[in-house]
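What follows is the content of protein.csv (CSV, C-alpha atoms and all ligand atoms).
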chain,number,residue,atom,x,y,z
A,1245,MET,CA,-22.4,23.3,-7.2
A,1246,ASN,CA,-24.6,20.8,-9.1
A,1247,LEU,CA,-22.6,17.7,-9.8
A,1248,VAL,CA,-25.4,16.0,-11.8
A,1249,PRO,CA,-23.8,16.6,-15.3
A,1250,TYR,CA,-20.5,15.1,-14.1
A,1251,GLN,CA,-22.4,12.1,-12.7
A,1252,ILE,CA,-24.3,11.6,-16.0
A,1253,VAL,CA,-21.2,11.8,-18.1
A,1254,ARG,CA,-19.3,9.4,-16.0
A,1255,ILE,CA,-22.2,6.9,-15.9
A,1256,LEU,CA,-22.4,7.3,-19.7
A,1257,PHE,CA,-18.7,6.5,-19.9
A,1258,LEU,CA,-19.3,3.4,-17.8
A,1259,LEU,CA,-22.1,2.3,-20.1
A,1260,ILE,CA,-19.9,3.0,-23.1
A,1261,ALA,CA,-17.1,1.0,-21.6
A,1262,ILE,CA,-19.5,-1.9,-20.9
A,1263,VAL,CA,-20.8,-1.8,-24.5
A,1264,SER,CA,-17.2,-1.9,-25.8
A,1265,VAL,CA,-16.5,-5.0,-23.8
A,1266,ILE,CA,-19.7,-6.7,-24.9
A,1267,ALA,CA,-18.9,-5.8,-28.6
A,1268,THR,CA,-15.5,-7.3,-28.2
A,1269,ILE,CA,-16.9,-10.5,-26.8
A,1270,LEU,CA,-19.5,-10.8,-29.5
A,1271,LEU,CA,-16.9,-10.2,-32.1
A,1272,ILE,CA,-14.7,-13.0,-30.9
A,1273,LYS,CA,-17.7,-15.3,-30.5
A,1274,LYS,CA,-19.0,-14.7,-34.0
A,1275,MET,CA,-15.6,-15.1,-35.5
A,1276,ARG,CA,-15.3,-18.5,-33.9
A,1277,ALA,CA,-18.8,-19.5,-34.9
A,1278,LYS,CA,-18.5,-18.5,-38.6
A,1279,SER,CA,-15.7,-20.2,-40.3
A,1280,LYS,CA,-16.3,-18.9,-43.7
A,1281,LYS,CA,-13.8,-16.1,-44.5
A,1282,TRP,CA,-16.1,-13.6,-46.2
A,1283,ARG,CA,-18.7,-13.9,-43.3
A,1284,ALA,CA,-16.1,-13.4,-40.6
A,1285,LEU,CA,-14.8,-10.3,-42.4
A,1286,HIS,CA,-18.2,-8.9,-42.7
A,1287,LEU,CA,-18.7,-9.3,-38.9
A,1288,ILE,CA,-15.3,-7.8,-38.2
A,1289,GLU,CA,-16.3,-4.7,-40.1
A,1290,THR,CA,-19.6,-4.2,-38.1
A,1291,GLU,CA,-18.1,-5.0,-34.7
A,1292,ALA,CA,-14.9,-3.0,-35.4
A,1293,ILE,CA,-17.0,0.1,-36.3
A,1294,VAL,CA,-19.0,-0.3,-33.0
A,1295,LEU,CA,-15.7,-0.6,-31.1
A,1296,LEU,CA,-14.1,2.4,-32.7
A,1297,ILE,CA,-17.0,4.6,-32.1
A,1298,THR,CA,-17.4,3.6,-28.4
A,1299,LEU,CA,-13.7,3.9,-27.8
A,1300,PHE,CA,-13.6,7.3,-29.5
A,1301,ILE,CA,-16.4,8.6,-27.3
A,1302,GLY,CA,-14.9,6.9,-24.3
A,1303,LEU,CA,-11.6,8.6,-24.9
A,1304,PHE,CA,-13.3,12.0,-25.5
A,1305,ALA,CA,-15.2,11.6,-22.2
A,1306,GLY,CA,-11.9,10.7,-20.5
A,1307,VAL,CA,-10.3,13.9,-21.7
A,1308,ALA,CA,-13.2,16.2,-21.2
A,1309,TYR,CA,-14.0,14.9,-17.7
A,1310,SER,CA,-10.6,14.0,-16.3
A,1311,GLY,CA,-12.0,12.3,-13.2
A,1312,PHE,CA,-13.3,8.8,-13.0
A,1313,PRO,CA,-12.4,7.5,-16.5
A,1314,SER,CA,-8.7,7.9,-15.9
A,1315,LEU,CA,-8.9,6.6,-12.3
A,1316,PRO,CA,-6.0,4.2,-11.9
A,1317,MET,CA,-8.1,1.3,-10.5
A,1318,PHE,CA,-5.5,-1.3,-11.0
A,1319,VAL,CA,-2.3,0.2,-9.7
A,1320,LYS,CA,-0.2,-2.5,-8.2
A,1321,THR,CA,2.2,-2.0,-5.3
A,1322,VAL,CA,4.4,-4.2,-3.1
A,1323,GLY,CA,3.3,-2.8,0.2
A,1324,PRO,CA,1.6,-4.9,2.9
A,1325,GLY,CA,-1.8,-3.6,1.8
A,1326,ALA,CA,-3.6,-4.0,-1.5
A,1327,GLY,CA,-2.4,-0.6,-2.8
A,1328,PRO,CA,-3.9,2.8,-3.1
A,1329,GLN,CA,-6.5,2.1,-5.8
A,1330,LEU,CA,-10.1,2.8,-5.0
A,1331,PRO,CA,-12.1,-0.4,-5.0
A,1332,LEU,CA,-14.1,-0.5,-8.2
A,1333,SER,CA,-17.3,-1.2,-6.3
A,1334,SER,CA,-16.7,1.9,-4.1
A,1335,ALA,CA,-16.1,4.1,-7.2
A,1336,PHE,CA,-19.3,2.8,-8.7
A,1337,LYS,CA,-21.3,3.3,-5.5
A,1338,PHE,CA,-19.9,6.7,-5.1
A,1339,LEU,CA,-21.0,7.7,-8.7
A,1340,MET,CA,-24.5,6.3,-8.1
A,1341,ASN,CA,-24.9,8.1,-4.8
A,1342,MET,CA,-22.9,11.2,-5.4
A,1343,ASN,CA,-25.7,13.6,-4.8
A,1344,ASN,CA,-26.5,11.9,-1.4
A,1345,PHE,CA,-23.1,12.7,0.0
A,1346,ASP,CA,-23.0,15.6,2.5
A,1347,ARG,CA,-21.6,18.8,1.1
A,1348,VAL,CA,-19.4,20.7,3.5
A,1349,LYS,CA,-19.3,24.4,2.7
A,1350,ASP,CA,-15.8,25.0,4.2
A,1351,ILE,CA,-13.7,21.9,4.8
A,1352,ALA,CA,-10.9,23.9,6.5
A,1353,ALA,CA,-10.6,23.4,10.2
A,1354,ASP,CA,-10.8,26.8,12.0
A,1355,PRO,CA,-7.2,27.5,13.0
A,1356,ASN,CA,-8.6,29.2,16.2
A,1357,LYS,CA,-10.5,26.2,17.4
A,1358,ILE,CA,-8.2,24.8,20.0
A,1359,PRO,CA,-9.4,23.7,23.5
A,1360,ALA,CA,-8.2,25.9,26.4
A,1361,PRO,CA,-4.9,25.1,28.1
A,1362,ILE,CA,-5.2,22.4,30.8
A,1363,THR,CA,-5.0,23.9,34.3
A,1364,ARG,CA,-5.6,20.8,36.4
A,1365,LYS,CA,-2.6,19.4,38.2
A,1366,THR,CA,-3.5,15.7,38.2
A,1367,PRO,CA,-4.3,13.1,35.5
A,1368,ASP,CA,-7.8,12.6,34.5
A,1369,ILE,CA,-10.0,10.5,32.1
A,1370,VAL,CA,-10.6,12.3,28.8
A,1371,ASN,CA,-13.5,11.1,26.7
A,1372,LEU,CA,-13.6,12.0,23.0
A,1373,THR,CA,-15.5,11.0,19.9
A,1374,LEU,CA,-14.4,11.2,16.3
A,1375,THR,CA,-16.8,10.7,13.4
A,1376,ALA,CA,-15.3,9.5,10.1
A,1377,SER,CA,-17.3,11.0,7.3
A,1378,GLU,CA,-16.9,10.9,3.5
A,1379,VAL,CA,-18.1,14.2,2.1
A,1380,LEU,CA,-17.9,16.5,-0.9
A,1381,ALA,CA,-16.2,19.9,-0.5
A,1382,GLU,CA,-14.2,22.4,-2.5
A,1383,ILE,CA,-10.4,22.4,-2.8
A,1384,LYS,CA,-10.8,25.8,-4.3
A,1385,ASP,CA,-13.7,27.7,-5.8
A,1386,GLY,CA,-15.5,25.4,-8.2
A,1387,THR,CA,-13.1,22.5,-7.7
A,1388,THR,CA,-14.7,19.7,-5.7
A,1389,PHE,CA,-13.1,16.6,-4.1
A,1390,ASN,CA,-14.5,13.6,-2.2
A,1391,TYR,CA,-12.8,14.3,1.2
A,1392,TRP,CA,-12.6,11.7,3.9
A,1393,THR,CA,-12.6,13.5,7.2
A,1394,PHE,CA,-12.8,13.3,11.0
A,1395,ASP,CA,-15.8,15.4,12.0
A,1396,ASN,CA,-16.4,17.0,8.6
A,1397,GLN,CA,-13.2,19.1,8.7
A,1398,VAL,CA,-9.5,18.9,7.6
A,1399,PRO,CA,-7.5,18.5,9.7
A,1400,GLY,CA,-9.8,16.7,12.3
A,1401,PRO,CA,-10.5,18.3,15.7
A,1402,PHE,CA,-7.5,19.5,17.8
A,1403,ILE,CA,-7.4,17.2,20.8
A,1404,ARG,CA,-5.8,18.4,24.0
A,1405,ALA,CA,-4.9,16.2,27.0
A,1406,ARG,CA,-2.2,16.0,29.7
A,1407,VAL,CA,0.6,13.5,30.3
A,1408,GLY,CA,-0.7,10.7,32.5
A,1409,ASP,CA,-4.3,11.1,31.3
A,1410,THR,CA,-6.4,8.1,30.3
A,1411,ILE,CA,-7.9,8.8,26.9
A,1412,GLN,CA,-11.0,7.0,25.8
A,1413,VAL,CA,-11.8,7.4,22.2
A,1414,LYS,CA,-14.9,6.4,20.4
A,1415,LEU,CA,-14.7,6.2,16.6
A,1416,ILE,CA,-18.0,6.4,14.7
A,1417,ASN,CA,-17.9,5.4,11.0
A,1418,LYS,CA,-20.9,7.3,9.6
A,1419,LYS,CA,-23.6,5.3,7.9
A,1420,GLY,CA,-23.5,5.9,4.2
A,1421,ASN,CA,-19.6,6.0,4.1
A,1422,LEU,CA,-18.1,3.5,1.6
A,1423,HIS,CA,-14.9,2.5,3.4
A,1424,GLU,CA,-13.5,1.2,6.7
A,1425,HIS,CA,-11.9,3.9,8.8
A,1426,SER,CA,-9.6,3.9,11.9
A,1427,VAL,CA,-7.4,6.1,14.0
A,1428,ASP,CA,-3.6,5.7,14.6
A,1429,PHE,CA,-2.6,8.1,17.3
A,1430,HIS,CA,1.1,8.8,17.3
A,1431,ALA,CA,0.6,9.7,21.0
A,1432,VAL,CA,0.0,6.0,21.7
A,1433,ASN,CA,2.5,3.4,22.9
A,1434,GLY,CA,1.2,0.1,21.5
A,1435,PRO,CA,0.6,-1.7,18.2
A,1436,GLY,CA,-0.9,0.3,15.4
A,1437,GLY,CA,-1.2,3.4,17.6
A,1438,GLY,CA,-4.6,2.0,18.4
A,1439,ALA,CA,-5.7,1.5,14.8
A,1440,SER,CA,-5.8,-2.2,15.1
A,1441,VAL,CA,-8.6,-1.8,17.7
A,1442,LEU,CA,-10.1,1.6,16.8
A,1443,LYS,CA,-11.4,0.6,13.4
A,1444,ALA,CA,-15.0,0.4,12.1
A,1445,MET,CA,-17.0,-0.4,9.0
A,1446,PRO,CA,-19.6,2.1,7.8
A,1447,GLY,CA,-22.5,2.4,10.3
A,1448,GLN,CA,-20.4,0.8,13.1
A,1449,GLU,CA,-18.4,2.1,16.1
A,1450,ALA,CA,-15.3,1.2,18.0
A,1451,VAL,CA,-13.8,2.2,21.3
A,1452,PHE,CA,-10.1,2.3,22.4
A,1453,VAL,CA,-8.4,3.5,25.6
A,1454,PHE,CA,-4.8,4.5,26.0
A,1455,LYS,CA,-2.7,6.3,28.6
A,1456,ALA,CA,-0.7,9.3,27.4
A,1457,LEU,CA,2.9,8.6,28.5
A,1458,ASN,CA,4.9,11.2,26.5
A,1459,PRO,CA,4.3,14.9,26.2
A,1460,GLY,CA,4.4,16.3,22.7
A,1461,ILE,CA,2.3,17.4,19.7
A,1462,TYR,CA,1.4,14.3,17.7
A,1463,ILE,CA,-0.4,13.5,14.4
A,1464,TYR,CA,-3.3,11.2,14.4
A,1465,HIS,CA,-4.6,9.7,11.2
A,1466,CYS,CA,-6.7,7.0,9.6
A,1467,ALA,CA,-4.7,3.8,8.9
A,1468,SER,CA,-7.2,1.6,7.1
A,1469,PRO,CA,-6.8,-0.7,4.1
A,1470,PRO,CA,-6.3,-0.9,1.3
A,1471,SER,CA,-3.7,1.9,1.9
A,1472,PRO,CA,-3.4,4.2,4.9
A,1473,ALA,CA,-1.7,6.7,2.6
A,1474,MET,CA,-4.9,6.9,0.5
A,1475,HIS,CA,-7.0,7.7,3.5
A,1476,MET,CA,-4.6,10.5,4.6
A,1477,ALA,CA,-4.5,11.8,1.0
A,1478,HIS,CA,-8.3,12.2,1.3
A,1479,GLY,CA,-7.9,14.3,4.5
A,1480,GLN,CA,-8.0,12.0,7.5
A,1481,TYR,CA,-5.4,13.5,9.9
A,1482,GLY,CA,-5.3,15.9,12.8
A,1483,LEU,CA,-3.2,16.8,15.9
A,1484,ILE,CA,-3.3,15.7,19.5
A,1485,LEU,CA,-1.4,17.7,22.1
A,1486,ILE,CA,-0.2,15.9,25.2
A,1487,GLU,CA,0.7,18.7,27.6
A,1488,PRO,CA,3.5,18.2,30.1
A,1489,GLU,CA,2.6,18.0,33.8
A,1490,GLU,CA,3.5,21.7,34.3
A,1491,GLY,CA,1.7,22.8,31.1
A,1492,LEU,CA,3.1,25.0,28.4
A,1493,PRO,CA,4.1,28.6,28.9
A,1494,LYS,CA,1.2,31.0,28.6
A,1495,VAL,CA,0.9,32.8,25.2
A,1496,ASP,CA,-1.7,35.3,23.9
A,1497,ARG,CA,-2.8,33.4,20.8
A,1498,GLU,CA,-2.7,29.7,19.7
A,1499,PHE,CA,-3.4,28.5,16.2
A,1500,TYR,CA,-3.9,25.1,14.6
A,1501,VAL,CA,-2.4,24.5,11.1
A,1502,VAL,CA,-1.8,21.2,9.3
A,1503,GLN,CA,-0.3,20.9,5.9
A,1504,GLY,CA,-1.6,18.3,3.5
A,1505,GLU,CA,-1.5,17.1,-0.1
A,1506,ILE,CA,-4.3,16.4,-2.6
A,1507,TYR,CA,-3.7,14.1,-5.6
A,1508,THR,CA,-6.2,14.6,-8.4
A,1509,THR,CA,-6.3,13.1,-11.9
A,1510,GLY,CA,-7.1,16.4,-13.6
A,1511,ASN,CA,-4.8,19.4,-14.1
A,1512,ILE,CA,-4.2,21.8,-11.3
A,1513,GLY,CA,-7.0,24.4,-11.2
A,1514,ASP,CA,-9.5,22.2,-13.2
A,1515,LYS,CA,-13.1,22.9,-12.2
A,1516,GLY,CA,-15.7,20.3,-11.3
A,1517,LEU,CA,-15.4,17.1,-9.4
A,1518,GLN,CA,-11.8,15.8,-9.2
A,1519,ALA,CA,-11.0,12.2,-8.8
A,1520,PHE,CA,-8.2,10.8,-6.6
A,1521,ASP,CA,-5.1,9.9,-8.5
A,1522,ALA,CA,-3.4,6.9,-6.9
A,1523,MET,CA,-0.5,7.0,-9.3
A,1524,ALA,CA,0.3,10.6,-8.6
A,1525,MET,CA,0.3,9.7,-4.9
A,1526,LEU,CA,2.7,6.9,-5.4
A,1527,ASP,CA,4.9,9.4,-7.4
A,1528,GLY,CA,4.6,12.0,-4.6
A,1529,ASN,CA,3.4,14.6,-7.0
A,1530,PRO,CA,0.3,16.3,-5.7
A,1531,ASN,CA,-1.7,18.9,-7.6
A,1532,TYR,CA,-2.5,20.7,-4.4
A,1533,VAL,CA,-0.4,21.4,-1.3
A,1534,VAL,CA,-2.6,23.1,1.3
A,1535,PHE,CA,-3.0,24.3,4.8
A,1536,ASN,CA,-6.1,23.1,6.6
A,1537,GLY,CA,-7.5,21.0,3.8
A,1538,ARG,CA,-8.0,23.5,0.9
A,1539,VAL,CA,-6.5,26.4,-0.9
A,1540,GLY,CA,-7.1,29.5,1.2
A,1541,GLY,CA,-8.0,27.4,4.2
A,1542,LEU,CA,-6.5,29.9,6.6
A,1543,THR,CA,-7.4,33.1,4.8
A,1544,GLY,CA,-9.2,35.7,6.9
A,1545,LYS,CA,-9.1,33.5,10.0
A,1546,MET,CA,-5.9,34.2,11.8
A,1547,GLU,CA,-5.5,37.5,13.6
A,1548,ALA,CA,-3.2,38.8,16.3
A,1549,LYS,CA,-2.3,42.2,17.9
A,1550,VAL,CA,1.0,43.8,17.8
A,1551,GLY,CA,2.9,42.7,21.0
A,1552,ASP,CA,1.0,39.4,21.2
A,1553,THR,CA,3.0,36.2,21.7
A,1554,VAL,CA,1.8,33.6,19.2
A,1555,ARG,CA,2.0,29.8,19.3
A,1556,ILE,CA,1.2,27.7,16.2
A,1557,TYR,CA,0.8,24.0,16.3
A,1558,VAL,CA,1.9,22.9,12.9
A,1559,GLY,CA,1.4,19.4,11.6
A,1560,ASN,CA,2.1,17.7,8.4
A,1561,GLY,CA,-0.4,15.1,7.2
A,1562,GLY,CA,1.8,14.4,4.2
A,1563,VAL,CA,1.6,11.9,2.8
A,1564,ASN,CA,4.9,12.4,0.9
A,1565,LEU,CA,6.3,15.9,1.3
A,1566,ILE,CA,8.5,17.3,4.1
A,1567,SER,CA,7.4,20.8,5.0
A,1568,SER,CA,9.8,23.7,5.2
A,1569,PHE,CA,7.5,25.8,7.3
A,1570,HIS,CA,8.2,29.5,7.3
A,1571,ILE,CA,6.3,32.7,8.0
A,1572,ILE,CA,7.4,35.5,5.7
A,1573,GLY,CA,8.5,38.5,7.9
A,1574,GLU,CA,8.8,36.5,11.1
A,1575,ILE,CA,11.5,34.7,13.0
A,1576,PHE,CA,10.5,31.9,15.3
A,1577,ASP,CA,11.8,32.8,18.8
A,1578,THR,CA,11.2,29.2,19.8
A,1579,VAL,CA,10.7,25.9,18.0
A,1580,TYR,CA,9.8,22.7,19.6
A,1581,PRO,CA,11.4,20.6,16.8
A,1582,GLU,CA,9.5,17.6,15.5
A,1583,GLY,CA,6.9,18.3,18.1
A,1584,SER,CA,9.1,17.2,21.0
A,1585,ILE,CA,8.1,18.7,24.4
A,1586,GLY,CA,10.8,18.3,27.1
A,1587,GLY,CA,13.7,17.9,24.6
A,1588,ALA,CA,16.1,20.5,23.2
A,1589,MET,CA,14.4,23.5,21.8
A,1590,PHE,CA,15.6,25.7,18.9
A,1591,HIS,CA,15.7,29.5,19.1
A,1592,ASN,CA,15.8,32.1,16.4
A,1593,VAL,CA,14.7,29.9,13.5
A,1594,GLN,CA,13.7,31.1,10.0
A,1595,SER,CA,12.2,27.8,8.6
A,1596,THR,CA,11.6,24.6,10.4
A,1597,ILE,CA,11.3,21.1,9.0
A,1598,ILE,CA,8.1,19.2,9.7
A,1599,PRO,CA,8.3,15.6,8.5
A,1600,ALA,CA,5.4,13.8,6.9
A,1601,GLY,CA,3.4,12.4,9.8
A,1602,GLY,CA,5.1,14.8,12.2
A,1603,ALA,CA,4.5,18.2,13.8
A,1604,ALA,CA,6.2,21.2,15.4
A,1605,ILE,CA,5.4,24.0,17.7
A,1606,VAL,CA,6.6,27.5,16.7
A,1607,GLU,CA,6.4,30.6,18.9
A,1608,PHE,CA,7.0,34.2,18.1
A,1609,LYS,CA,6.1,37.7,19.2
A,1610,VAL,CA,4.4,39.9,16.6
A,1611,GLU,CA,6.3,43.2,16.4
A,1612,GLU,CA,4.6,45.0,13.5
A,1613,PRO,CA,1.1,45.4,12.0
A,1614,GLY,CA,0.4,43.9,8.6
A,1615,ASN,CA,0.0,40.6,6.9
A,1616,TYR,CA,2.4,37.7,7.6
A,1617,VAL,CA,2.2,34.9,5.1
A,1618,LEU,CA,2.6,31.3,6.2
A,1619,VAL,CA,4.3,29.1,3.6
A,1620,ASP,CA,6.0,25.9,2.9
A,1621,HIS,CA,9.3,27.5,1.7
A,1622,ALA,CA,9.7,24.9,-1.0
A,1623,LEU,CA,8.0,27.9,-2.7
A,1624,ALA,CA,6.6,26.2,-5.8
A,1625,ARG,CA,4.2,24.7,-3.3
A,1626,VAL,CA,2.8,28.1,-2.7
A,1627,ASP,CA,1.6,28.0,-6.3
A,1628,LYS,CA,-0.1,24.7,-5.4
A,1629,GLY,CA,-1.9,26.3,-2.5
A,1630,ALA,CA,0.5,26.2,0.5
A,1631,PHE,CA,-0.1,29.6,1.9
A,1632,GLY,CA,-2.1,31.3,4.7
A,1633,ILE,CA,-2.2,34.8,6.2
A,1634,LEU,CA,-1.8,35.9,9.8
A,1635,LYS,CA,-3.1,39.4,10.1
A,1636,SER,CA,-1.5,41.6,12.7
A,1637,ILE,CA,-3.4,44.7,14.0
A,1638,GLY,CA,-1.8,47.5,15.9
A,1639,ILE,CA,0.5,50.5,15.8
A,1640,HIS,CA,3.6,50.6,13.7
A,1641,ASN,CA,6.8,50.2,15.8
A,1642,GLY,CA,9.1,52.9,14.5
A,1643,GLU,CA,12.2,51.3,16.0
A,1644,ILE,CA,12.5,47.9,14.3
A,1645,TYR,CA,10.8,48.3,10.9
A,1646,TYR,CA,11.2,51.3,8.6
A,1647,PRO,CA,8.7,51.3,5.8
A,1648,ASN,CA,9.6,54.9,5.0
A,1649,PRO,CA,13.4,55.4,5.5
A,1650,ALA,CA,13.2,59.1,4.5
A,1651,LYS,CA,11.4,59.8,7.8
A,1652,ILE,CA,14.0,58.3,10.1
B,1,CU,CU,-10.0,6.2,6.7
Just dump the structure as structure tokens.
Ligand SMILES: [Cu+2]
Amino acid sequence: MNLVPYQIVRILFLLIAIVSVIATILLIKKMRAKSKKWRALHLIETEAIVLLITLFIGLFAGVAYSGFPSLPMFVKTVGPGAGPQLPLSSAFKFLMNMNNFDRVKDIAADPNKIPAPITRKTPDIVNLTLTASEVLAEIKDGTTFNYWTFDNQVPGPFIRARVGDTIQVKLINKKGNLHEHSVDFHAVNGPGGGASVLKAMPGQEAVFVFKALNPGIYIYHCASPPSPAMHMAHGQYGLILIEPEEGLPKVDREFYVVQGEIYTTGNIGDKGLQAFDAMAMLDGNPNYVVFNGRVGGLTGKMEAKVGDTVRIYVGNGGVNLISSFHIIGEIFDTVYPEGSIGGAMFHNVQSTIIPAGGAAIVEFKVEEPGNYVLVDHALARVDKGAFGILKSIGIHNGEIYYPNPAKI
């Protein structure tokens, strides 16, 4: 979609705001300079009219285009960072260069795109590169957001390694980006999960090496200032699987799903470019709760056959909500709770809790053909976008599911 009209309106608003400020300064100056009462009053009238008109237009622009004008630039917090407000200079640069940002047609990571299981029996060196990129993509049809990503997708690429592996990561912060980016791997033992080393300014690179000591499924995410939460709320998270020495049991299908939240200043469903809402993020009230980055991010992409064993790696990028992950019409035969591999496993589970910044592995066998709907069973979130469909193809099993009881 063409964002030029939005850009023009927002730049106009900026100009209007600047005129308002100048008018106010002039008013004060002139009032001070002219001591005579009648003269001061005359000036007040002129300047007040300018102020009122500019403020009225400014307010109208703010309502009509709910993005930039209501951006809470000056939110204050008491955290160790400066808080989740976008730097004013970045917002301005973004507006001026909006049409130069890459457009990604489908920001959703393909849930099928998972590296093959590891078959080697000894540790190795694993090299990987992640590219931080700030792009424009749709949350839903006609609703655009400035995503910050790893490799132009949300979640970032699924990374697969084995316990004992030495993992060498290069982070490229793409030229043209406006912010520092980094990676904190929850699979790391060491300060910052690597983020204190693996951080780069736009146009720069960083390298970090770590040894995978603990098997499990882990979140990785950007942890850069002014607020790691803000970077995650723009889409910078993904999963890294550290397989145990013996590997995981073989299954027929594996899928990659990560829940996330999008905080926008407009109303849910608003069209056009939506600005990030720092205050809504602090309040933990997202407009959108999504699987794989956007509304419908999994739709038409997940398929299995009746009789297949299915494993889903489910992460939760947060940044605020705990997911009550559930698949309508399925029972998880096995859950690796909180992504733990090697610990106690759960069996016969309906909904499993996935903490913000956590993950789980769920496994089940598909018994019937049809559509199985993935949800966060805090079901109001389905209305905010937290749903996906696993389509099962095959022959109806007449012994466990009776769609037509009259024929039994
Ligand atoms: Cu970042």
(Q) Show me which residues line ligand CU 1 (chain B), defined as having an atom within 7 Å of a ligand atom where only C-alpha atoms and all ligand atoms count, and present them as a ChimeraX atom specification. (A) /A:1392,1423-1426,1466-1468,1475,1480
Q: Determine, counting all atoms listed in the file, which protein, DNA and RNA residues have an atom within 9 Å of an atom of range 1371-1377 of chain A; residues of the same chain fewer than 3 positions away are not included. Present the result as a PyMOL selection string.
A: chain A and resi 1346+1391-1396+1400-1401+1403+1410-1421+1425-1427+1446+1466+1480
Q) Taking into account only C-alpha atoms, which residue in the set A:Asp1514, A:Glu1505, A:Asp1527, A:Asp1521 is nearest to Leu1330 in chain A? A)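 Nearest candidate to Leu1330 in chain A out of A:Asp1514, A:Glu1505, A:Asp1527, A:Asp1521: A:Asp1521.
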Q: For Lys1545 in chain A, please output as a list in words all residues within 12 Å (counting all atoms listed in the file; exclusion window: fewer than 4 positions along the same chain).
A: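 With the cut-off at 12 Å, the set is Ala1352, Ala1353, Asp1354, Pro1355, Asn1356, Lys1357, Phe1499, Tyr1500, Val1501, Asn1536, Gly1540, Gly1541, Asn1615, Gly1632, Ile1633, Leu1634, Lys1635 and Ser1636 of chain A.
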Q) Looking at A:Leu1565, A:Leu1542, A:Ile1484, A:Ala1604, which one is nearest to Ala1622 in chain A, with distances taken over all atoms listed in the file? A)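 Using all atoms listed in the file, the shortest distance to Ala1622 in chain A belongs to A:Leu1565.
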Q: Measuring atom to atom with all atoms listed in the file, identify which of A:Phe1336, A:Tyr1557, A:Tyr1464, A:Phe1402 is nearest to Val1432 in chain A.
A: A:Tyr1464
Q) From the set A:Val1370, A:Ala1360, A:Ala1450, A:Ala1519, which residue has the shortest atom-to-atom contact distance to Thr1388 in chain A, counting only C-alpha atoms? A) A:Ala1519
Q) Quick one, how far is CA of Tyr1462 in chain A from CA of Phe1569 in chain A? A)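 For CA of Tyr1462 in chain A relative to CA of Phe1569 in chain A, the distance reads 16.7 Å.
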(Q) With only C-alpha atoms as the counted atoms, please give the residues lying no more than 8 Å from Pro1613 in chain A, apart from itself and same-chain residues fewer than 3 positions off, as a list in words. (A)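 Listing them by chain and then by number gives Lys1549, Val1550, Val1610, Lys1635, Ser1636, Ile1637, Gly1638, Ile1639 and His1640 of chain A.
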Store the residues picked out above, limited to C-alpha atoms, as a PDB file, keeping the file's coordinate frame.
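result33.pdb, freshly written:
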ATOM      1  CA  LYS A1549      -2.300  42.200  17.900  1.00  0.00           C
ATOM      2  CA  VAL A1550       1.000  43.800  17.800  1.00  0.00           C
ATOM      3  CA  VAL A1610       4.400  39.900  16.600  1.00  0.00           C
ATOM      4  CA  LYS A1635      -3.100  39.400  10.100  1.00  0.00           C
ATOM      5  CA  SER A1636      -1.500  41.600  12.700  1.00  0.00           C
ATOM      6  CA  ILE A1637      -3.400  44.700  14.000  1.00  0.00           C
ATOM      7  CA  GLY A1638      -1.800  47.500  15.900  1.00  0.00           C
ATOM      8  CA  ILE A1639       0.500  50.500  15.800  1.00  0.00           C
ATOM      9  CA  HIS A1640       3.600  50.600  13.700  1.00  0.00           C
TER      10      HIS A1640
END
Q: Considering all atoms listed in the file, state which residue in the set A:Gly1544, A:Gly1587, A:Gly1447, A:Pro1359 is at the smallest distance from Gly1460 in chain A.
A: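 Result for the nearest residue to Gly1460 in chain A: A:Gly1587.
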(Q) Applying 6 Å and all atoms listed in the file, which residues near range 1574-1585 of chain A remain after dropping the ones on its own chain fewer than 3 positions away? List them as a list in words. (A) Pro1459, Gly1460, Ile1461, Ile1571, Met1589, Phe1590, His1591, Asn1592, Val1593, Gln1594, Ala1603, Ala1604, Ile1605, Val1606, Glu1607 and Phe1608 of chain A
**Q.** Nearest candidate to Met1476 in chain A (options A:Gly1601, A:Lys1278, A:Val1294, A:Met1340; using only C-alpha atoms)
**A.** A:Gly1601
